[in-house]
Amino acid sequence: MVLKRRSFTGRYYFYKLFKKEYHRYMFPKVFPHVKGLLHFDESAKETFAGGKPIGAVVHYTADGDAAAGAASLVAAGLGYHLIVAKDGSVYQMTSLDRKVWHAGKAAWRGHSPNQTCLAVALVSWGFLRPSPGDAYRTYLGTLVVPGAVAWRTDNRFGIVQPWDAATPAQTSALENILQRCLDLGMDPDMICGHDECALPPGRKMDPGGVLPYTMADLRKRLKDDRQGNTQGKDGSSV
Ligand SMILES: [Zn+2]
């Protein structure tokens, strides 16, 4: 009798554990290629409805490095899920199944990005202002000498200005993160830039000209890569 009772208790315990932790199996808690955690905290954060995000918003940090970007966000009660440093290293701030406040007032395809989307941020000052002597000023007015400056449009309003451009390591890390999201069932059309979803339109500039392509191009690129990955040699879907 004692053995039977023990066995029942054990099964019930695992049932409870599995039920409680179920959402963690639907979407991973930690990004597999994460290099480190920054202000990692999930204690007071709600889990996404259905246990996983249905989209992703691309941001830039408007700061010079990942740690500074994370610290200023936490101080403001905000957060990102993942931050991609200039060298392509990925840092994580929150479990990928938890909500963070990152988009302010925003909407994308009928959804609230804060309630439904992962936040992925590239370390970048964003748009810059030319300053004498090959230097640039950030939006804060501080002088910086960024690694790579690109004169590009903001991809939305056609304003050409200098940007603290994403490095190739950053764009490839970003694409890897987003491909991983698609592997886990995310719809590529649910991936957007903060500049695309912020309300009212024009309120936010990120990622804008930090990326070498528009967000629409990025969505197409992700879809094309995916098509290539899932097609056999004869072009048939496998
Ligand atoms: Zn943003």
# chains A, B, ... in the order shown; residues from 1 in each chain; ligands from 1
call {"tool": "residues_around", "arguments": {"residues": "segment 166-181 of chain A", "least_positions_apart": "6", "cutoff": "6 Å", "atoms": "only C-alpha atoms", "output": "ChimeraX atom specification"}}
result
/A:86-88,210-211
call {"tool": "write_last_selection", "arguments": {"atoms": "C-alpha atoms", "output": "compact mmCIF listing (two decimals), in the first residue's frame"}}
result
# COMPACT_ATOMS: atom_id res chain seq x y z
CA LYS A 86 28.49 45.64 -32.02
CA ASP A 87 30.58 42.44 -32.15
CA GLY A 88 27.43 40.35 -32.71
CA VAL A 210 20.91 51.68 -38.68
CA LEU A 211 20.09 48.61 -40.80
call {"tool": "residues_near_ligand", "arguments": {"ligand": "ligand 1", "cutoff": "12 Å", "atoms": "only C-alpha atoms and all ligand atoms", "output": "JSON, numbers by chain"}}
result
{"A": [56, 57, 58, 59, 60, 61, 62, 63, 69, 73, 78, 79, 80, 83, 101, 102, 103, 104, 105, 106, 113, 114, 118, 119, 120, 121, 122, 123, 124, 125, 126, 192, 193, 194, 195, 196, 197, 198, 199, 202, 203, 204, 205, 206, 207, 208]}
call {"tool": "closest_residue", "arguments": {"among": "A:Leu96, A:Pro162, A:Asp187, A:Thr116", "to": "Asp134 of chain A", "atoms": "only C-alpha atoms"}}
result
A:Pro162
call {"tool": "select_by_dssp", "arguments": {"residues": "segment 13-173 of chain A", "states": "helix (DSSP H, G or I)", "output": "JSON, numbers by chain"}}
result
{"A": [13, 14, 15, 16, 17, 18, 19, 20, 21, 22, 23, 24, 25, 26, 49, 50, 51, 66, 67, 68, 69, 70, 71, 72, 73, 74, 75, 113, 114, 115, 116, 168, 169, 170, 171, 172, 173]}
